[in-house]
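Chemist: Input: one structure, supplied below.
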Amino acid sequence: MIPKTLDPRGWRCVVYPVLSSTFLRFWEQYALCLRAGTKLWTTSPRRTCSSAVLSYFTCLAEEAAVSVSTSGASSSGAAGSQLPPRKMIGVLLLFLLFLLYIAAPQIRKMLSSGVCTSTAQLPGKVAVVTGANTGIGKETAKELAQRGARVYIACRDVQKGELVAKEIQTMTGNQEVLVRKLDLADTKSIRAFAKGFLAEEKQLHILINNAGVMMCPYSKTADGFEMHIGVNHLGHFLLTHLLLEKLKESAPSRIVNVSSLAHYLGRIHFHNLQGQKSYSAGLAYCHSKLANILFTRELARRLKGSGVTAYSVHPGTVNSELVRHSSFLQCIWRLFSFIIKTPQQGAQTSLYCALTEGLENLSGNHFSDCHVTWVSAQASNETIARAICSRLPSIPSQVDSPSGRPKA
């Protein structure tokens with residue numbers, strides 16, 4: 001509670017400096033804890049932060065004791081034993097932070113409430129998971145393999161993918177976990193993957209478009225598209241089209257597009273779709289995630305009655321390699337790792353949409369924590385959905401421009 005002696009109209013002059021000074025003091029103690037035992041960072045950030053909070057309280061107690069001893073035993077000494085208003089607020093903030101860390105297991109459980117409870121088994125089924133060499137994709141592929149599916153790990157880093165495939169084979173006993181090269185930033189690689197897959201397999205029951213990039217510095221794909229829209233949307237757009245007939249032949253089959261809550265900040269600006277006029281790494285990611293949802297909605301509309309259904313999902317805030325391009329987000333993810341989902345928890349909604357029976361009538365919807373959830377007004381705009389997917393036709397030749405590039 002802010003003391004009455006403070007002018008309520010000037011609360012910002014107190015709170016803002018307190019927040020900054022408190023954070024700096026806390027970070028200083030956090031750094032000392034790390035130096036004292038660097039293993040705490042990797043094994044238990046929660047324990048390290050708790051130690052930092054206790055150290056901070058110890059420092060405040062020592063300062064209060066010094067204040068009392070220097071103030072004497074007079075009445076002024078009694079006033080001196082009280083902490084200044086700013087430090088009182090600092091103590092309160094740190095105490096609340098400490099309580100937050102204590103309650104971390106319950107908070108994580110609450111934020112990870114969605115669990116795929118389907119008992120469906122997948123012997124004889126074929127699944128493709130993009131970006132399955134790490135994070136959510138890896139956990140998704142592992143669960144599908146555990147249920148008996150023939151799983152294709154489609155990723156850019158084949159060597160890493162092979163290691164993951166062997167790990168999954170060992171854990172599940174399913175030897176039908178295969179790795180194929182797929183670079184979503186290169187349409188030639190996408191076409192090569194699709195051509196090889198179609199020659200190798202007669203069926204495809206589950207396609208999970210999971211791979212993605214986030215917070216990249218401005219760069220372009222091999223075909224000249226801005227990296228976020230090129231990989232997160234256009235790459236999966238083309239891959240889905242190339243595999244669509246196989247999905248129809250294997251019906252009932254499902255397509256799951258991994259999007260994000262970040263789509264709420266996204267906008268589709270057709271005049272600046274490639275970021276050539278203005279660019280923000282964070283917003284570029286949001287735009288691409290919005291495109292994922294619009295693509296899913298329009299795809300579901302066009303596939304109605306074909307036996308192929310499509311869903312978009314928000315996996316939650318997950319501790320994965322997706323934030324590798326942002327040092328700031330990496331620090332935030334580490335600091336708040338106690339409430340961030342694990343990759344296994346993040347994979348639950350993708351698995352729910354891929355496996356749960358009776359979801360056919362919900363095709364085109366957006367899911368979070370294994371439930372249908374709201375989307376932004378932009379994501380509900382059918383006109384924009386049709387416009388951004390205007391090059392997704394039933395006739396294969398119309399998907400490409402004369403140069404062989406998929407258009408948005």
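Every chain in the structure tokens takes a letter, A first, then B, and so on in the order presented; its residues are numbered from 1, and the ligands are numbered from 1 following the presented order.
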Any idea what's packed within 7 Å of range 302-315 of chain A, counting only C-alpha atoms, ignoring anything in its chain fewer than 2 positions away? Could you give it as a PDB file with all heavy atoms, in the first residue's frame?
Modeler:
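Dumped to part35.pdb:
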```
ATOM      1  N   LEU A 247      -4.106 -36.736 -49.654  1.00  0.00           N
ATOM      2  CA  LEU A 247      -4.944 -36.643 -48.459  1.00  0.00           C
ATOM      3  C   LEU A 247      -6.394 -36.998 -48.792  1.00  0.00           C
ATOM      4  O   LEU A 247      -7.069 -37.686 -48.019  1.00  0.00           O
ATOM      5  CB  LEU A 247      -4.869 -35.228 -47.875  1.00  0.00           C
ATOM      6  CG  LEU A 247      -3.584 -34.876 -47.114  1.00  0.00           C
ATOM      7  CD1 LEU A 247      -3.409 -33.362 -47.015  1.00  0.00           C
ATOM      8  CD2 LEU A 247      -3.583 -35.493 -45.729  1.00  0.00           C
ATOM      9  N   LYS A 248      -6.873 -36.537 -49.937  1.00  0.00           N
ATOM     10  CA  LYS A 248      -8.244 -36.859 -50.347  1.00  0.00           C
ATOM     11  C   LYS A 248      -8.410 -38.356 -50.605  1.00  0.00           C
ATOM     12  O   LYS A 248      -9.415 -38.955 -50.223  1.00  0.00           O
ATOM     13  CB  LYS A 248      -8.603 -36.070 -51.604  1.00  0.00           C
ATOM     14  CG  LYS A 248      -8.758 -34.571 -51.387  1.00  0.00           C
ATOM     15  CD  LYS A 248      -9.095 -33.868 -52.693  1.00  0.00           C
ATOM     16  CE  LYS A 248      -9.265 -32.375 -52.495  1.00  0.00           C
ATOM     17  NZ  LYS A 248      -9.558 -31.672 -53.771  1.00  0.00           N
ATOM     18  N   ALA A 251      -8.790 -40.275 -47.333  1.00  0.00           N
ATOM     19  CA  ALA A 251      -9.826 -39.805 -46.405  1.00  0.00           C
ATOM     20  C   ALA A 251     -10.469 -40.985 -45.653  1.00  0.00           C
ATOM     21  O   ALA A 251     -10.614 -42.070 -46.211  1.00  0.00           O
ATOM     22  CB  ALA A 251     -10.877 -39.019 -47.177  1.00  0.00           C
ATOM     23  N   PRO A 252     -10.822 -40.738 -44.354  1.00  0.00           N
ATOM     24  CA  PRO A 252     -10.734 -39.460 -43.649  1.00  0.00           C
ATOM     25  C   PRO A 252      -9.298 -39.110 -43.249  1.00  0.00           C
ATOM     26  O   PRO A 252      -8.560 -39.964 -42.759  1.00  0.00           O
ATOM     27  CB  PRO A 252     -11.597 -39.688 -42.412  1.00  0.00           C
ATOM     28  CG  PRO A 252     -11.516 -41.162 -42.170  1.00  0.00           C
ATOM     29  CD  PRO A 252     -11.435 -41.795 -43.522  1.00  0.00           C
ATOM     30  N   SER A 253      -8.933 -37.871 -43.490  1.00  0.00           N
ATOM     31  CA  SER A 253      -7.587 -37.404 -43.168  1.00  0.00           C
ATOM     32  C   SER A 253      -7.664 -35.982 -42.607  1.00  0.00           C
ATOM     33  O   SER A 253      -8.698 -35.312 -42.750  1.00  0.00           O
ATOM     34  CB  SER A 253      -6.694 -37.444 -44.409  1.00  0.00           C
ATOM     35  OG  SER A 253      -7.299 -36.731 -45.473  1.00  0.00           O
ATOM     36  N   ARG A 254      -6.571 -35.553 -41.979  1.00  0.00           N
ATOM     37  CA  ARG A 254      -6.599 -34.256 -41.296  1.00  0.00           C
ATOM     38  C   ARG A 254      -5.342 -33.432 -41.557  1.00  0.00           C
ATOM     39  O   ARG A 254      -4.250 -33.977 -41.723  1.00  0.00           O
ATOM     40  CB  ARG A 254      -6.773 -34.453 -39.785  1.00  0.00           C
ATOM     41  CG  ARG A 254      -8.088 -35.111 -39.413  1.00  0.00           C
ATOM     42  CD  ARG A 254      -8.307 -35.155 -37.919  1.00  0.00           C
ATOM     43  NE  ARG A 254      -9.574 -35.804 -37.600  1.00  0.00           N
ATOM     44  CZ  ARG A 254     -10.085 -35.909 -36.380  1.00  0.00           C
ATOM     45  NH1 ARG A 254      -9.421 -35.400 -35.348  1.00  0.00           N
ATOM     46  NH2 ARG A 254     -11.243 -36.515 -36.179  1.00  0.00           N
ATOM     47  N   ILE A 255      -5.552 -32.126 -41.563  1.00  0.00           N
ATOM     48  CA  ILE A 255      -4.464 -31.159 -41.687  1.00  0.00           C
ATOM     49  C   ILE A 255      -4.495 -30.278 -40.444  1.00  0.00           C
ATOM     50  O   ILE A 255      -5.541 -29.725 -40.089  1.00  0.00           O
ATOM     51  CB  ILE A 255      -4.632 -30.281 -42.945  1.00  0.00           C
ATOM     52  CG1 ILE A 255      -4.677 -31.145 -44.206  1.00  0.00           C
ATOM     53  CG2 ILE A 255      -3.513 -29.253 -43.034  1.00  0.00           C
ATOM     54  CD1 ILE A 255      -5.127 -30.382 -45.448  1.00  0.00           C
ATOM     55  N   VAL A 256      -3.357 -30.150 -39.786  1.00  0.00           N
ATOM     56  CA  VAL A 256      -3.251 -29.305 -38.592  1.00  0.00           C
ATOM     57  C   VAL A 256      -2.197 -28.244 -38.849  1.00  0.00           C
ATOM     58  O   VAL A 256      -1.033 -28.558 -39.133  1.00  0.00           O
ATOM     59  CB  VAL A 256      -2.871 -30.129 -37.345  1.00  0.00           C
ATOM     60  CG1 VAL A 256      -2.756 -29.219 -36.127  1.00  0.00           C
ATOM     61  CG2 VAL A 256      -3.898 -31.228 -37.087  1.00  0.00           C
ATOM     62  N   ASN A 257      -2.595 -26.982 -38.765  1.00  0.00           N
ATOM     63  CA  ASN A 257      -1.679 -25.855 -38.958  1.00  0.00           C
ATOM     64  C   ASN A 257      -1.394 -25.191 -37.612  1.00  0.00           C
ATOM     65  O   ASN A 257      -2.319 -24.718 -36.946  1.00  0.00           O
ATOM     66  CB  ASN A 257      -2.280 -24.830 -39.922  1.00  0.00           C
ATOM     67  CG  ASN A 257      -2.457 -25.384 -41.319  1.00  0.00           C
ATOM     68  OD1 ASN A 257      -1.591 -26.086 -41.839  1.00  0.00           O
ATOM     69  ND2 ASN A 257      -3.590 -25.086 -41.950  1.00  0.00           N
ATOM     70  N   VAL A 258      -0.144 -25.177 -37.220  1.00  0.00           N
ATOM     71  CA  VAL A 258       0.234 -24.582 -35.926  1.00  0.00           C
ATOM     72  C   VAL A 258       0.353 -23.077 -36.084  1.00  0.00           C
ATOM     73  O   VAL A 258       1.220 -22.572 -36.797  1.00  0.00           O
ATOM     74  CB  VAL A 258       1.551 -25.179 -35.405  1.00  0.00           C
ATOM     75  CG1 VAL A 258       1.942 -24.509 -34.081  1.00  0.00           C
ATOM     76  CG2 VAL A 258       1.414 -26.688 -35.214  1.00  0.00           C
ATOM     77  N   SER A 259      -0.527 -22.356 -35.414  1.00  0.00           N
ATOM     78  CA  SER A 259      -0.541 -20.891 -35.462  1.00  0.00           C
ATOM     79  C   SER A 259      -0.105 -20.353 -34.099  1.00  0.00           C
ATOM     80  O   SER A 259       0.728 -20.963 -33.428  1.00  0.00           O
ATOM     81  CB  SER A 259      -1.941 -20.397 -35.848  1.00  0.00           C
ATOM     82  OG  SER A 259      -1.971 -18.989 -35.925  1.00  0.00           O
ATOM     83  N   SER A 260      -0.686 -19.250 -33.671  1.00  0.00           N
ATOM     84  CA  SER A 260      -0.287 -18.671 -32.391  1.00  0.00           C
ATOM     85  C   SER A 260      -1.301 -17.629 -31.940  1.00  0.00           C
ATOM     86  O   SER A 260      -2.017 -17.037 -32.760  1.00  0.00           O
ATOM     87  CB  SER A 260       1.092 -18.009 -32.513  1.00  0.00           C
ATOM     88  OG  SER A 260       1.403 -17.252 -31.355  1.00  0.00           O
ATOM     89  N   LEU A 261      -1.334 -17.406 -30.625  1.00  0.00           N
ATOM     90  CA  LEU A 261      -2.138 -16.321 -30.070  1.00  0.00           C
ATOM     91  C   LEU A 261      -1.664 -14.968 -30.608  1.00  0.00           C
ATOM     92  O   LEU A 261      -2.423 -13.997 -30.642  1.00  0.00           O
ATOM     93  CB  LEU A 261      -2.031 -16.342 -28.538  1.00  0.00           C
ATOM     94  CG  LEU A 261      -2.870 -15.338 -27.749  1.00  0.00           C
ATOM     95  CD1 LEU A 261      -4.357 -15.650 -27.898  1.00  0.00           C
ATOM     96  CD2 LEU A 261      -2.476 -15.347 -26.277  1.00  0.00           C
ATOM     97  N   ILE A 293      -4.160 -19.020 -39.873  1.00  0.00           N
ATOM     98  CA  ILE A 293      -5.564 -19.213 -39.501  1.00  0.00           C
ATOM     99  C   ILE A 293      -6.487 -18.952 -40.681  1.00  0.00           C
ATOM    100  O   ILE A 293      -7.440 -19.702 -40.936  1.00  0.00           O
ATOM    101  CB  ILE A 293      -5.933 -18.306 -38.304  1.00  0.00           C
ATOM    102  CG1 ILE A 293      -5.113 -18.704 -37.077  1.00  0.00           C
ATOM    103  CG2 ILE A 293      -7.424 -18.391 -37.995  1.00  0.00           C
ATOM    104  CD1 ILE A 293      -5.358 -17.856 -35.854  1.00  0.00           C
ATOM    105  N   THR A 296      -6.322 -21.846 -42.982  1.00  0.00           N
ATOM    106  CA  THR A 296      -7.059 -22.997 -42.444  1.00  0.00           C
ATOM    107  C   THR A 296      -8.556 -22.856 -42.677  1.00  0.00           C
ATOM    108  O   THR A 296      -9.231 -23.818 -43.077  1.00  0.00           O
ATOM    109  CB  THR A 296      -6.783 -23.150 -40.939  1.00  0.00           C
ATOM    110  OG1 THR A 296      -5.377 -23.283 -40.728  1.00  0.00           O
ATOM    111  CG2 THR A 296      -7.497 -24.361 -40.361  1.00  0.00           C
ATOM    112  N   GLU A 298     -10.201 -21.046 -44.952  1.00  0.00           N
ATOM    113  CA  GLU A 298     -10.549 -21.152 -46.359  1.00  0.00           C
ATOM    114  C   GLU A 298     -10.343 -22.569 -46.883  1.00  0.00           C
ATOM    115  O   GLU A 298     -11.127 -23.075 -47.689  1.00  0.00           O
ATOM    116  CB  GLU A 298      -9.725 -20.155 -47.176  1.00  0.00           C
ATOM    117  CG  GLU A 298      -9.988 -20.165 -48.675  1.00  0.00           C
ATOM    118  CD  GLU A 298     -11.420 -19.760 -49.037  1.00  0.00           C
ATOM    119  OE1 GLU A 298     -12.167 -19.266 -48.153  1.00  0.00           O
ATOM    120  OE2 GLU A 298     -11.801 -19.954 -50.213  1.00  0.00           O
ATOM    121  N   LEU A 299      -9.289 -23.215 -46.408  1.00  0.00           N
ATOM    122  CA  LEU A 299      -9.017 -24.597 -46.800  1.00  0.00           C
ATOM    123  C   LEU A 299     -10.162 -25.506 -46.367  1.00  0.00           C
ATOM    124  O   LEU A 299     -10.630 -26.358 -47.142  1.00  0.00           O
ATOM    125  CB  LEU A 299      -7.706 -25.059 -46.174  1.00  0.00           C
ATOM    126  CG  LEU A 299      -7.163 -26.442 -46.570  1.00  0.00           C
ATOM    127  CD1 LEU A 299      -6.877 -26.497 -48.059  1.00  0.00           C
ATOM    128  CD2 LEU A 299      -5.914 -26.760 -45.766  1.00  0.00           C
ATOM    129  N   ALA A 300     -10.627 -25.328 -45.130  1.00  0.00           N
ATOM    130  CA  ALA A 300     -11.737 -26.139 -44.622  1.00  0.00           C
ATOM    131  C   ALA A 300     -13.003 -25.909 -45.439  1.00  0.00           C
ATOM    132  O   ALA A 300     -13.760 -26.849 -45.717  1.00  0.00           O
ATOM    133  CB  ALA A 300     -11.985 -25.812 -43.152  1.00  0.00           C
ATOM    134  N   THR A 317       2.484 -20.847 -24.840  1.00  0.00           N
ATOM    135  CA  THR A 317       3.850 -20.331 -24.745  1.00  0.00           C
ATOM    136  C   THR A 317       4.745 -21.492 -24.334  1.00  0.00           C
ATOM    137  O   THR A 317       4.657 -21.996 -23.220  1.00  0.00           O
ATOM    138  CB  THR A 317       3.927 -19.206 -23.700  1.00  0.00           C
ATOM    139  OG1 THR A 317       2.981 -18.183 -24.037  1.00  0.00           O
ATOM    140  CG2 THR A 317       5.331 -18.604 -23.674  1.00  0.00           C
ATOM    141  N   GLY A 346       3.075 -28.491 -25.060  1.00  0.00           N
ATOM    142  CA  GLY A 346       2.728 -27.683 -26.222  1.00  0.00           C
ATOM    143  C   GLY A 346       2.193 -28.501 -27.388  1.00  0.00           C
ATOM    144  O   GLY A 346       1.467 -27.989 -28.245  1.00  0.00           O
ATOM    145  N   ALA A 347       2.543 -29.792 -27.428  1.00  0.00           N
ATOM    146  CA  ALA A 347       2.110 -30.659 -28.532  1.00  0.00           C
ATOM    147  C   ALA A 347       0.695 -31.190 -28.346  1.00  0.00           C
ATOM    148  O   ALA A 347       0.116 -31.755 -29.285  1.00  0.00           O
ATOM    149  CB  ALA A 347       3.072 -31.836 -28.666  1.00  0.00           C
ATOM    150  N   THR A 349      -2.381 -29.924 -28.100  1.00  0.00           N
ATOM    151  CA  THR A 349      -3.493 -29.458 -28.929  1.00  0.00           C
ATOM    152  C   THR A 349      -3.359 -29.931 -30.366  1.00  0.00           C
ATOM    153  O   THR A 349      -4.354 -30.262 -31.019  1.00  0.00           O
ATOM    154  CB  THR A 349      -3.607 -27.923 -28.869  1.00  0.00           C
ATOM    155  OG1 THR A 349      -3.678 -27.506 -27.502  1.00  0.00           O
ATOM    156  CG2 THR A 349      -4.862 -27.441 -29.571  1.00  0.00           C
ATOM    157  N   SER A 350      -2.132 -29.979 -30.880  1.00  0.00           N
ATOM    158  CA  SER A 350      -1.908 -30.524 -32.222  1.00  0.00           C
ATOM    159  C   SER A 350      -2.355 -31.985 -32.270  1.00  0.00           C
ATOM    160  O   SER A 350      -3.017 -32.423 -33.216  1.00  0.00           O
ATOM    161  CB  SER A 350      -0.432 -30.415 -32.607  1.00  0.00           C
ATOM    162  OG  SER A 350      -0.030 -29.079 -32.727  1.00  0.00           O
ATOM    163  N   CYS A 353      -6.225 -32.330 -32.192  1.00  0.00           N
ATOM    164  CA  CYS A 353      -6.873 -32.090 -33.487  1.00  0.00           C
ATOM    165  C   CYS A 353      -6.563 -33.192 -34.501  1.00  0.00           C
ATOM    166  O   CYS A 353      -7.356 -33.436 -35.411  1.00  0.00           O
ATOM    167  CB  CYS A 353      -6.437 -30.734 -34.040  1.00  0.00           C
ATOM    168  SG  CYS A 353      -7.100 -29.329 -33.119  1.00  0.00           S
ATOM    169  N   GLU A 360     -14.935 -33.611 -36.967  1.00  0.00           N
ATOM    170  CA  GLU A 360     -15.172 -33.262 -38.368  1.00  0.00           C
ATOM    171  C   GLU A 360     -16.050 -32.018 -38.537  1.00  0.00           C
ATOM    172  O   GLU A 360     -15.811 -31.192 -39.419  1.00  0.00           O
ATOM    173  CB  GLU A 360     -15.810 -34.454 -39.106  1.00  0.00           C
ATOM    174  CG  GLU A 360     -14.869 -35.625 -39.328  1.00  0.00           C
ATOM    175  CD  GLU A 360     -14.617 -36.434 -38.064  1.00  0.00           C
ATOM    176  OE1 GLU A 360     -15.385 -36.279 -37.086  1.00  0.00           O
ATOM    177  OE2 GLU A 360     -13.649 -37.224 -38.059  1.00  0.00           O
ATOM    178  N   SER A 363     -14.244 -28.529 -38.380  1.00  0.00           N
ATOM    179  CA  SER A 363     -13.192 -28.222 -39.348  1.00  0.00           C
ATOM    180  C   SER A 363     -13.166 -26.721 -39.637  1.00  0.00           C
ATOM    181  O   SER A 363     -14.209 -26.083 -39.810  1.00  0.00           O
ATOM    182  CB  SER A 363     -13.447 -28.985 -40.649  1.00  0.00           C
ATOM    183  OG  SER A 363     -12.445 -28.704 -41.607  1.00  0.00           O
ATOM    184  N   GLY A 364     -11.960 -26.160 -39.666  1.00  0.00           N
ATOM    185  CA  GLY A 364     -11.798 -24.729 -39.903  1.00  0.00           C
ATOM    186  C   GLY A 364     -11.684 -23.907 -38.642  1.00  0.00           C
ATOM    187  O   GLY A 364     -11.346 -22.717 -38.695  1.00  0.00           O
ATOM    188  N   ASN A 365     -11.962 -24.522 -37.499  1.00  0.00           N
ATOM    189  CA  ASN A 365     -11.903 -23.794 -36.231  1.00  0.00           C
ATOM    190  C   ASN A 365     -10.483 -23.703 -35.689  1.00  0.00           C
ATOM    191  O   ASN A 365      -9.586 -24.440 -36.102  1.00  0.00           O
ATOM    192  CB  ASN A 365     -12.802 -24.463 -35.196  1.00  0.00           C
ATOM    193  CG  ASN A 365     -14.257 -24.052 -35.341  1.00  0.00           C
ATOM    194  OD1 ASN A 365     -14.669 -23.001 -34.876  1.00  0.00           O
ATOM    195  ND2 ASN A 365     -15.034 -24.883 -36.026  1.00  0.00           N
ATOM    196  N   HIS A 366     -10.307 -22.798 -34.736  1.00  0.00           N
ATOM    197  CA  HIS A 366      -9.023 -22.577 -34.078  1.00  0.00           C
ATOM    198  C   HIS A 366      -9.090 -23.148 -32.670  1.00  0.00           C
ATOM    199  O   HIS A 366     -10.072 -22.925 -31.947  1.00  0.00           O
ATOM    200  CB  HIS A 366      -8.723 -21.074 -34.032  1.00  0.00           C
ATOM    201  CG  HIS A 366      -7.372 -20.742 -33.491  1.00  0.00           C
ATOM    202  ND1 HIS A 366      -6.195 -21.171 -34.077  1.00  0.00           N
ATOM    203  CD2 HIS A 366      -6.998 -20.006 -32.401  1.00  0.00           C
ATOM    204  CE1 HIS A 366      -5.167 -20.714 -33.383  1.00  0.00           C
ATOM    205  NE2 HIS A 366      -5.626 -20.021 -32.365  1.00  0.00           N
ATOM    206  N   PHE A 367      -8.044 -23.890 -32.269  1.00  0.00           N
ATOM    207  CA  PHE A 367      -8.041 -24.581 -30.976  1.00  0.00           C
ATOM    208  C   PHE A 367      -6.886 -24.101 -30.089  1.00  0.00           C
ATOM    209  O   PHE A 367      -5.809 -23.765 -30.573  1.00  0.00           O
ATOM    210  CB  PHE A 367      -7.904 -26.088 -31.187  1.00  0.00           C
ATOM    211  CG  PHE A 367      -9.129 -26.761 -31.747  1.00  0.00           C
ATOM    212  CD1 PHE A 367      -9.467 -26.620 -33.089  1.00  0.00           C
ATOM    213  CD2 PHE A 367      -9.949 -27.530 -30.925  1.00  0.00           C
ATOM    214  CE1 PHE A 367     -10.595 -27.245 -33.606  1.00  0.00           C
ATOM    215  CE2 PHE A 367     -11.080 -28.153 -31.434  1.00  0.00           C
ATOM    216  CZ  PHE A 367     -11.409 -28.002 -32.781  1.00  0.00           C
ATOM    217  N   SER A 368      -7.152 -24.116 -28.798  1.00  0.00           N
ATOM    218  CA  SER A 368      -6.123 -23.828 -27.796  1.00  0.00           C
ATOM    219  C   SER A 368      -6.447 -24.659 -26.561  1.00  0.00           C
ATOM    220  O   SER A 368      -7.617 -24.737 -26.146  1.00  0.00           O
ATOM    221  CB  SER A 368      -6.108 -22.345 -27.433  1.00  0.00           C
ATOM    222  OG  SER A 368      -5.171 -22.078 -26.406  1.00  0.00           O
TER     223      SER A 368
END
```
Chemist: Neighbouring residues of range 148-161 of chain A were defined as those with any atom within 8 Å, considering only C-alpha atoms; residues of the same chain fewer than 6 positions away were excluded. Please report them as number ranges by chain.
Modeler: A: 121-133, 141, 174, 176-184
Chemist: Write down as a list in words the residues of range 194-244 of chain A whose backbone DSSP state falls under strand (DSSP E or B).
Modeler: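 Restricting range 194-244 of chain A to strand (DSSP E or B) produces Ile206, Leu207, Ile208, Asn209, Lys220 and Glu226 of chain A.
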Chemist: For Leu355 in chain A, list every protein, DNA or RNA residue within 8 Å, evaluated using only C-alpha atoms, and leave out those in the same chain fewer than 4 positions away; present the list as a PyMOL selection string.
Modeler: chain A and resi 118+120+351
Chemist: Quick one: of A:His236, A:Lys246, A:Lys341, A:His269, who's nearest to Leu204 in chain A, counting only C-alpha atoms?
Modeler: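 The closest residue to Leu204 in chain A is A:Lys246.
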Chemist: Give me, please, the distance in Å between CA of Pro343 in chain A and CA of Ala165 in chain A, quoted to one decimal.
Modeler: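 The value is 16.5 Å.
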Chemist: Which is closest to Gly114 in chain A among A:Ala385, A:Lys138, A:Leu362, A:Gln345, if we use only C-alpha atoms?
Modeler: A:Gln345
Chemist: May I have all residues of range 276-363 of chain A that DSSP, computed from the backbone, assigns to alpha helix (DSSP H), given as a VMD selection string?
Modeler: chain A and resid 281 to 302 327 to 335 343 to 346 348 to 355
Chemist: If I take CA of Glu167 in chain A and CA of Glu143 in chain A, how far is one from the other in Å, to one decimal?
Modeler: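 So the answer is 12.5 Å.
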Chemist: For each of A:Leu163, A:Val318, A:Val375, A:Ala185, take the minimum atom-to-atom distance to Gly212 in chain A, counting only C-alpha atoms, then give the residue where this is smallest.
Modeler: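 The answer is A:Ala185, which sits nearest to Gly212 in chain A.
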Chemist: In Å, with one decimal, what is the gap from CA of Ser320 in chain A to CA of Gly135 in chain A?
Modeler: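 These two atoms are separated by 5.2 Å.
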